[in-house]
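Asks: There's a structure below that I have some questions on.
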Amino acid sequence: MSNKKVILVVMDGVGISVTGLGDAVTEANTPTLDRLRKVCPYTTLKAHGSAVGLPTDDDMGNSEVGHNALGCGQIYSQGAKLVNESIESGKMFDSATWKELLENAKANGGTLHFIGLLSDGNVHSNISHLKTMIAKAKEQGAAKVRVHVLLDGRDVPATSAPLYIEDLEKCMASLNDGTFDAKIASGGGRMKVTMDRYQADWDMVKLGWETHVKGEGRQFANALEAVETLRNETGAIDQDLPAFVIAENGEPVGKIVDGDSVILFNFRGDRAIELSMAFDAGDDFTYFDRGVKPDVKYAGMLEYDGDLHIPSKYLVNPPEIKETMSEILDKAGLKSYAVSETQKYGHVTYFWNGNRSEKFASEEWKEIPSDRVSFDQRPWMKSAEITDDLIEAIKSEKFDFIRCNYPNGDMVGHTGSMDATIIGVESVDLGLTRLLKVAEEYGYTVLITADHGNADEMLEKNKKGEITVRTAHSLNRVPFYIVSKDKYEIKDADSTKYGLANVAPTVLKILGIEAPASWEESMI
Ligand SMILES: O=C(O)[C@H](O)COP(=O)(O)O
Ligand SMILES: [Mn+2]
Ligand SMILES: [Mn+2]
C-alpha cells in the first residue's frame, strides 16, 4: 500500500452553468458541495472540444472522451476526428474492409446497409460521414443502399429528428437514378431500439434485430410519416420513439439478407458493441434468438473494444490509448477499485482503461445493476448503493486508488426533466456527505470532478430565440475539488488552463508516483 490513498469521484454530467438557463446544479440543495467550495482547493476544468480530442471547440464533451482523458492523463484525437481525417484523406475508402464490403454487395447483387445514429451530435456518430459514404458507394458502383436510422434527440435538440431525416432524404434523392437506389429502411428512437449499452437491456438489441434485419414491425410509407404518427400517438421525444419499418405494398424495403453488407456507422463503442456481437457471433450467441442469421459481411466504423476485438472488421483505427493510469498503478504494485451502476459501469472501467474491457490484475471492478426505467422516474438511481459500496471498499483497507461514477446529473439530465434532475444532483450530494466522512476517517484524499456538463443546462434558446428543453450535454466547464487532511495547493487555480487530462497526473502526484512524459501536467 502507498501511504497516500486517493478516491476520485466523477459526478457524471455536473457542470458549471454560464447562462443560468435551466441550471439544476445551482437549483439543487447541495450543502456538501457548497461547503467544499468554500473550504477546499478548487478549480474548474475544460471538458469539451480540444481538451478531450474532439474536432472543434463547438463539440460538447461526452462520457467516452471524458473518461478516456480522466483515465489516461493525455489528450488523444478521438473517433469523431479520426473518422473525419480518414474520410478527408481517402484512407477509409482505400481500406480493405470498405472494399471487401462494397465488392461483396456488388458481387451478390446485394444491398449495402448502413445502421446508426442519425445525428450531428458528434458523440456517437455524424450524419456527414453517412452521406459521404453513400455517395462514395454510388461512385464505386453500388446499386442499392438501405439506411436504418436511429433517432437521436439526446445529443441534439429533443425533437429534431425530422431535420436529419430530411437532410438524408435530400442527399439520397440527389443520388438516386436508374443505376442507384438508396432509401431509409427502418428506424426508431435510440433509447428504445438497438443502442443499449453495457448489456443493461438486450431486449433493445433484439428489437433492433427484428426491425432492421427481419423487417418486422409497424409499417410506414416513409420515415417522416413514421416520426409524425408515432409522436402524435405517444408524445415521446425522438430518443424514445418506437421502432418502425418502411414498406411498399406491405413489403419491407430493406430487410438484411444473404449476400448483403452492413456498416454500423457509429464511431463510439458503448452503444455499438451489442449489435456488433449479434452480427459477428456464431451459433454460440445466446443473448436472444436471432432466427436464421443472414450470411452478410459486417463492419463497424471503429474497433469498439480493443481487448475483445469487437467487431472483427472496422473502417477506421481507434485511438491507441497508451500508458493509462490503471496500467501505471498496476506496474507500481498499487491496487485500484472501480464502481458504478450498470449505465455508467463501462465508463469507469472500459472507457477509463482506454476502451479496453479487460482489467489489470491489481484492479477490482463492481457493477451495481441499474433500474430499467426512464430515470426521471427514479432520479436517485443507485447513488445510495454506490455510496454503500464505496464505504465498504474504503473499510476493506485494500485499495490505494478508488474511482466511481455517480450517473445522476447526466442520466436524469438527458430526460429533460428539471425537477427530477434537481433531485438527481441532490442525491449525489447526499452520497458525497456520507462518503467524505468515512474517507476522512480512513485517510483518503477525495478528488471530486465531472466528465462534462448536462444538469447545469436543462434549457436552451433555439434558433428562433425560444426557450426549449435541452436533453444534451452542455459545453460548460466542470468543477474540481480536493478534499484532504493534507495541505495541497492547486497552481494557478484561478486560471482556465486545466482540462480533464490534468486530473490523472494530479492523482499520481498525490500517490507519489512519477507520471510518464506523455502525460499532461499535475495541478498540484
Ligand atoms: O449515450 C448517451 O447516453 C449520450 O449520447 C451521451 O451521454 P454520455 O456520454 O454521458 O454517456
Ligand atoms: Mn458522462
Ligand atoms: Mn450523457
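Residues in the C-alpha cells are named by chain (A, B, ... in the order shown) and by number from 1 within that chain; ligands are numbered from 1 in the order shown.
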For ligand 1, list the contacting residues at 10 Å or closer, counting only C-alpha atoms and all ligand atoms, as a PyMOL selection string.
Replies: chain A and resi 12-13+60-67+117+121-125+152-156+190-191+195-197+239+268-271+343-344+346-347+407+409-411+413-414+451-454+471-473
Asks: Residues of the last selection are to be written out with N, CA and C atoms, as a tab-separated table (two decimals), in the first residue's frame.
Replies:
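Result file follows (out_10.tsv):
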```
chain	number	residue	atom	x	y	z
A	12	ASP	N	-21.13	12.43	-12.98
A	12	ASP	CA	-21.39	12.48	-14.43
A	12	ASP	C	-22.37	13.60	-14.76
A	13	GLY	N	-21.98	14.44	-15.70
A	13	GLY	CA	-22.92	15.46	-16.21
A	13	GLY	C	-23.19	16.62	-15.26
A	60	MET	N	-19.40	19.40	-27.78
A	60	MET	CA	-19.55	19.21	-26.33
A	60	MET	C	-18.80	17.94	-25.91
A	61	GLY	N	-18.45	17.88	-24.65
A	61	GLY	CA	-17.80	16.69	-24.14
A	61	GLY	C	-18.80	15.56	-24.01
A	62	ASN	N	-18.28	14.38	-23.78
A	62	ASN	CA	-19.16	13.23	-23.52
A	62	ASN	C	-18.42	12.23	-22.66
A	63	SER	N	-19.12	11.20	-22.26
A	63	SER	CA	-18.55	10.27	-21.29
A	63	SER	C	-17.35	9.51	-21.83
A	64	GLU	N	-17.41	9.16	-23.11
A	64	GLU	CA	-16.31	8.38	-23.66
A	64	GLU	C	-15.01	9.17	-23.61
A	65	VAL	N	-15.03	10.33	-24.27
A	65	VAL	CA	-13.81	11.11	-24.36
A	65	VAL	C	-13.40	11.64	-22.98
A	66	GLY	N	-14.38	11.92	-22.14
A	66	GLY	CA	-14.11	12.43	-20.79
A	66	GLY	C	-13.42	11.37	-19.93
A	67	HIS	N	-13.97	10.17	-19.94
A	67	HIS	CA	-13.37	9.13	-19.10
A	67	HIS	C	-12.05	8.64	-19.69
A	117	LEU	N	-26.77	6.15	-35.68
A	117	LEU	CA	-27.47	7.29	-35.07
A	117	LEU	C	-27.49	8.46	-36.05
A	121	GLY	N	-24.49	15.20	-33.52
A	121	GLY	CA	-24.04	15.45	-32.14
A	121	GLY	C	-22.56	15.18	-31.96
A	122	ASN	N	-21.97	14.37	-32.87
A	122	ASN	CA	-20.54	14.05	-32.81
A	122	ASN	C	-20.18	13.31	-31.53
A	123	VAL	N	-21.15	12.69	-30.91
A	123	VAL	CA	-20.88	11.87	-29.72
A	123	VAL	C	-20.75	10.40	-30.14
A	124	HIS	N	-21.75	9.91	-30.85
A	124	HIS	CA	-21.71	8.52	-31.32
A	124	HIS	C	-21.51	8.45	-32.83
A	125	SER	N	-21.87	9.51	-33.53
A	125	SER	CA	-21.89	9.44	-35.00
A	125	SER	C	-21.95	10.85	-35.57
A	152	ASP	N	-32.06	10.52	-32.69
A	152	ASP	CA	-31.24	10.94	-31.55
A	152	ASP	C	-32.05	11.73	-30.51
A	153	GLY	N	-32.05	13.04	-30.60
A	153	GLY	CA	-32.77	13.84	-29.60
A	153	GLY	C	-32.16	13.77	-28.21
A	154	ARG	N	-30.92	13.29	-28.11
A	154	ARG	CA	-30.25	13.17	-26.81
A	154	ARG	C	-28.90	13.89	-26.85
A	155	ASP	N	-28.29	13.93	-28.03
A	155	ASP	CA	-27.06	14.70	-28.22
A	155	ASP	C	-27.35	15.93	-29.09
A	156	VAL	N	-28.58	16.04	-29.54
A	156	VAL	CA	-29.05	17.16	-30.39
A	156	VAL	C	-30.43	17.54	-29.87
A	190	ARG	N	-33.38	5.98	-30.26
A	190	ARG	CA	-32.14	5.34	-29.81
A	190	ARG	C	-32.21	4.73	-28.42
A	191	MET	N	-33.16	5.21	-27.57
A	191	MET	CA	-33.27	4.63	-26.23
A	191	MET	C	-34.31	3.50	-26.19
A	195	MET	N	-29.54	0.62	-29.53
A	195	MET	CA	-28.36	1.22	-28.88
A	195	MET	C	-28.33	1.05	-27.36
A	196	ASP	N	-28.55	-0.17	-26.91
A	196	ASP	CA	-28.34	-0.45	-25.49
A	196	ASP	C	-26.84	-0.36	-25.19
A	197	ARG	N	-26.49	-0.20	-23.91
A	197	ARG	CA	-25.07	-0.30	-23.58
A	197	ARG	C	-24.88	-1.13	-22.31
A	239	GLN	N	-35.66	10.37	-28.83
A	239	GLN	CA	-34.91	9.23	-28.32
A	239	GLN	C	-35.81	8.08	-27.86
A	268	ARG	N	-18.58	5.63	-31.74
A	268	ARG	CA	-18.39	5.35	-30.31
A	268	ARG	C	-18.85	3.93	-29.98
A	269	GLY	N	-18.13	3.31	-29.05
A	269	GLY	CA	-18.31	1.88	-28.84
A	269	GLY	C	-19.41	1.42	-27.91
A	270	ASP	N	-19.66	2.14	-26.81
A	270	ASP	CA	-20.50	1.54	-25.76
A	270	ASP	C	-21.85	1.05	-26.29
A	271	ARG	N	-22.47	1.87	-27.11
A	271	ARG	CA	-23.81	1.50	-27.60
A	271	ARG	C	-23.76	0.80	-28.96
A	343	GLN	N	-25.44	1.63	-15.97
A	343	GLN	CA	-25.44	2.65	-17.01
A	343	GLN	C	-24.09	3.35	-17.16
A	344	LYS	N	-23.31	3.36	-16.11
A	344	LYS	CA	-22.01	4.05	-16.18
A	344	LYS	C	-20.85	3.11	-15.80
A	346	GLY	N	-19.33	0.74	-17.48
A	346	GLY	CA	-18.28	0.70	-18.51
A	346	GLY	C	-17.51	2.00	-18.60
A	347	HIS	N	-18.11	3.09	-18.14
A	347	HIS	CA	-17.40	4.37	-18.19
A	347	HIS	C	-16.17	4.34	-17.26
A	407	PRO	N	-24.04	8.57	-11.76
A	407	PRO	CA	-24.60	8.91	-13.08
A	407	PRO	C	-25.69	9.97	-13.08
A	409	GLY	N	-26.57	13.23	-12.56
A	409	GLY	CA	-26.63	14.52	-13.25
A	409	GLY	C	-26.81	14.31	-14.74
A	410	ASP	N	-26.17	13.28	-15.24
A	410	ASP	CA	-26.23	13.01	-16.67
A	410	ASP	C	-27.47	12.22	-17.09
A	411	MET	N	-27.69	11.09	-16.45
A	411	MET	CA	-28.78	10.21	-16.92
A	411	MET	C	-30.15	10.85	-16.70
A	413	GLY	N	-30.48	14.16	-16.38
A	413	GLY	CA	-30.41	15.34	-17.24
A	413	GLY	C	-30.86	15.04	-18.67
A	414	HIS	N	-30.52	13.88	-19.18
A	414	HIS	CA	-30.90	13.52	-20.56
A	414	HIS	C	-32.41	13.37	-20.73
A	451	ASP	N	-17.28	14.67	-15.81
A	451	ASP	CA	-16.71	14.36	-17.14
A	451	ASP	C	-17.17	15.34	-18.21
A	452	HIS	N	-18.26	16.06	-17.96
A	452	HIS	CA	-18.82	17.06	-18.88
A	452	HIS	C	-20.06	17.61	-18.21
A	453	GLY	N	-20.65	18.66	-18.77
A	453	GLY	CA	-21.87	19.20	-18.21
A	453	GLY	C	-23.11	18.55	-18.79
A	454	ASN	N	-24.22	18.74	-18.11
A	454	ASN	CA	-25.53	18.30	-18.60
A	454	ASN	C	-26.62	18.91	-17.71
A	471	THR	N	-31.88	18.33	-23.74
A	471	THR	CA	-31.60	16.97	-23.23
A	471	THR	C	-30.13	16.61	-23.40
A	472	ALA	N	-29.39	17.44	-24.14
A	472	ALA	CA	-27.99	17.10	-24.46
A	472	ALA	C	-27.03	17.61	-23.39
A	473	HIS	N	-25.78	17.20	-23.50
A	473	HIS	CA	-24.72	17.73	-22.64
A	473	HIS	C	-24.54	19.24	-22.88
```
Asks: When you look at A:Thr286 with a cut-off of 12 Å (counting only C-alpha atoms), what residues show up, excluding the ones that are within fewer than 5 positions of it in the same chain? I need them as a ChimeraX atom specification.
Replies: /A:202,206,274,277-278,281,291
Asks: If DSSP is run on the backbone, what residues of stretch 481-518 of chain A are strand (DSSP E or B)? A reply as a ChimeraX atom specification would be ideal.
Replies: /A:481-483,499
Asks: Take the residues from that selection and write them out as a PDB file, in the first residue's frame, keeping C-alpha atoms.
Replies:
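This is the output file again.pdb:
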```
ATOM      1  CA  TYR A 481     -12.234  19.827  -5.667  1.00  0.00           C
ATOM      2  CA  ILE A 482      -9.504  18.402  -3.464  1.00  0.00           C
ATOM      3  CA  VAL A 483     -10.819  17.226  -0.117  1.00  0.00           C
ATOM      4  CA  GLY A 499      -8.717  20.213 -18.537  1.00  0.00           C
TER       5      GLY A 499
END
```
Asks: I'd like the interatomic distance between atom CA of A:His148 and atom CA of A:Glu85, to a tenth of an Å.
Replies: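 Separation of atom CA of A:His148 and atom CA of A:Glu85: 24.5 Å.
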Asks: List the spatial neighbours of stretch 393-405 of chain A as a list in words - criterion: any atom at most 6 Å away, only C-alpha atoms, same-chain residues fewer than 4 positions off excluded.
Replies: Lys5, Val6, Ile7, Leu8, Val9, Val10, Met11, Leu334, Lys335, Ser336, Tyr337, Ala338, Val339 and Ser340 of chain A
Asks: Take the residues just selected and output them with N, CA and C atoms as a PDB file, in the first residue's frame.
Replies:
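The result, written out as result19.pdb:
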```
ATOM      1  N   LYS A   5      -3.571   7.695  -0.100  1.00  0.00           N
ATOM      2  CA  LYS A   5      -4.653   6.981  -0.789  1.00  0.00           C
ATOM      3  C   LYS A   5      -5.619   8.008  -1.384  1.00  0.00           C
ATOM      4  N   VAL A   6      -6.145   7.665  -2.547  1.00  0.00           N
ATOM      5  CA  VAL A   6      -6.981   8.634  -3.265  1.00  0.00           C
ATOM      6  C   VAL A   6      -8.304   7.995  -3.705  1.00  0.00           C
ATOM      7  N   ILE A   7      -9.371   8.787  -3.591  1.00  0.00           N
ATOM      8  CA  ILE A   7     -10.662   8.433  -4.185  1.00  0.00           C
ATOM      9  C   ILE A   7     -10.981   9.510  -5.217  1.00  0.00           C
ATOM     10  N   LEU A   8     -11.351   9.077  -6.407  1.00  0.00           N
ATOM     11  CA  LEU A   8     -11.777  10.046  -7.434  1.00  0.00           C
ATOM     12  C   LEU A   8     -13.254   9.827  -7.723  1.00  0.00           C
ATOM     13  N   VAL A   9     -14.039  10.869  -7.508  1.00  0.00           N
ATOM     14  CA  VAL A   9     -15.478  10.805  -7.757  1.00  0.00           C
ATOM     15  C   VAL A   9     -15.807  11.548  -9.044  1.00  0.00           C
ATOM     16  N   VAL A  10     -16.426  10.858  -9.994  1.00  0.00           N
ATOM     17  CA  VAL A  10     -16.919  11.527 -11.196  1.00  0.00           C
ATOM     18  C   VAL A  10     -18.428  11.731 -11.036  1.00  0.00           C
ATOM     19  N   MET A  11     -18.825  12.989 -10.947  1.00  0.00           N
ATOM     20  CA  MET A  11     -20.265  13.307 -10.898  1.00  0.00           C
ATOM     21  C   MET A  11     -20.682  13.489 -12.363  1.00  0.00           C
ATOM     22  N   LEU A 334       0.201  -0.949  -7.031  1.00  0.00           N
ATOM     23  CA  LEU A 334      -0.889  -0.368  -6.245  1.00  0.00           C
ATOM     24  C   LEU A 334      -2.229  -0.957  -6.675  1.00  0.00           C
ATOM     25  N   LYS A 335      -3.137  -1.053  -5.723  1.00  0.00           N
ATOM     26  CA  LYS A 335      -4.421  -1.686  -6.006  1.00  0.00           C
ATOM     27  C   LYS A 335      -5.510  -0.644  -6.259  1.00  0.00           C
ATOM     28  N   SER A 336      -6.310  -0.878  -7.288  1.00  0.00           N
ATOM     29  CA  SER A 336      -7.409   0.047  -7.607  1.00  0.00           C
ATOM     30  C   SER A 336      -8.758  -0.652  -7.551  1.00  0.00           C
ATOM     31  N   TYR A 337      -9.762   0.177  -7.318  1.00  0.00           N
ATOM     32  CA  TYR A 337     -11.147  -0.292  -7.252  1.00  0.00           C
ATOM     33  C   TYR A 337     -12.003   0.653  -8.085  1.00  0.00           C
ATOM     34  N   ALA A 338     -12.944   0.092  -8.855  1.00  0.00           N
ATOM     35  CA  ALA A 338     -13.850   0.919  -9.663  1.00  0.00           C
ATOM     36  C   ALA A 338     -15.270   0.466  -9.434  1.00  0.00           C
ATOM     37  N   VAL A 339     -16.181   1.429  -9.227  1.00  0.00           N
ATOM     38  CA  VAL A 339     -17.585   1.070  -9.047  1.00  0.00           C
ATOM     39  C   VAL A 339     -18.500   2.101  -9.696  1.00  0.00           C
ATOM     40  N   SER A 340     -19.560   1.585 -10.320  1.00  0.00           N
ATOM     41  CA  SER A 340     -20.712   2.410 -10.689  1.00  0.00           C
ATOM     42  C   SER A 340     -21.891   1.465 -10.896  1.00  0.00           C
TER      43      SER A 340
END
```
Asks: Tell me which of A:Val193, A:Leu275, A:Ile16, A:Val348 sits closest to ligand 2, counting only C-alpha atoms and all ligand atoms.
Replies: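 Result for the nearest residue to ligand 2: A:Val348.
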Asks: From the options A:Ala221, A:Ile391, A:Ala47, A:Val478, which residue's atoms come nearest to A:Glu440, counting only C-alpha atoms?
Replies: A:Ile391
Asks: Just list as a PyMOL selection string whatever in stretch 35-212 of chain A DSSP marks as alpha helix (DSSP H).
Replies: chain A and resi 35-39+63-72+79-89+91-94+96-107+127-139+161-175+202-208
Asks: For A:Thr433, list every protein, DNA or RNA residue within 12 Å, evaluated using only C-alpha atoms, and leave out those in the same chain fewer than 2 positions away; present the list as a PyMOL selection string.
Replies: chain A and resi 30-36+383-384+387-388+391+426-431+435-440+446+483
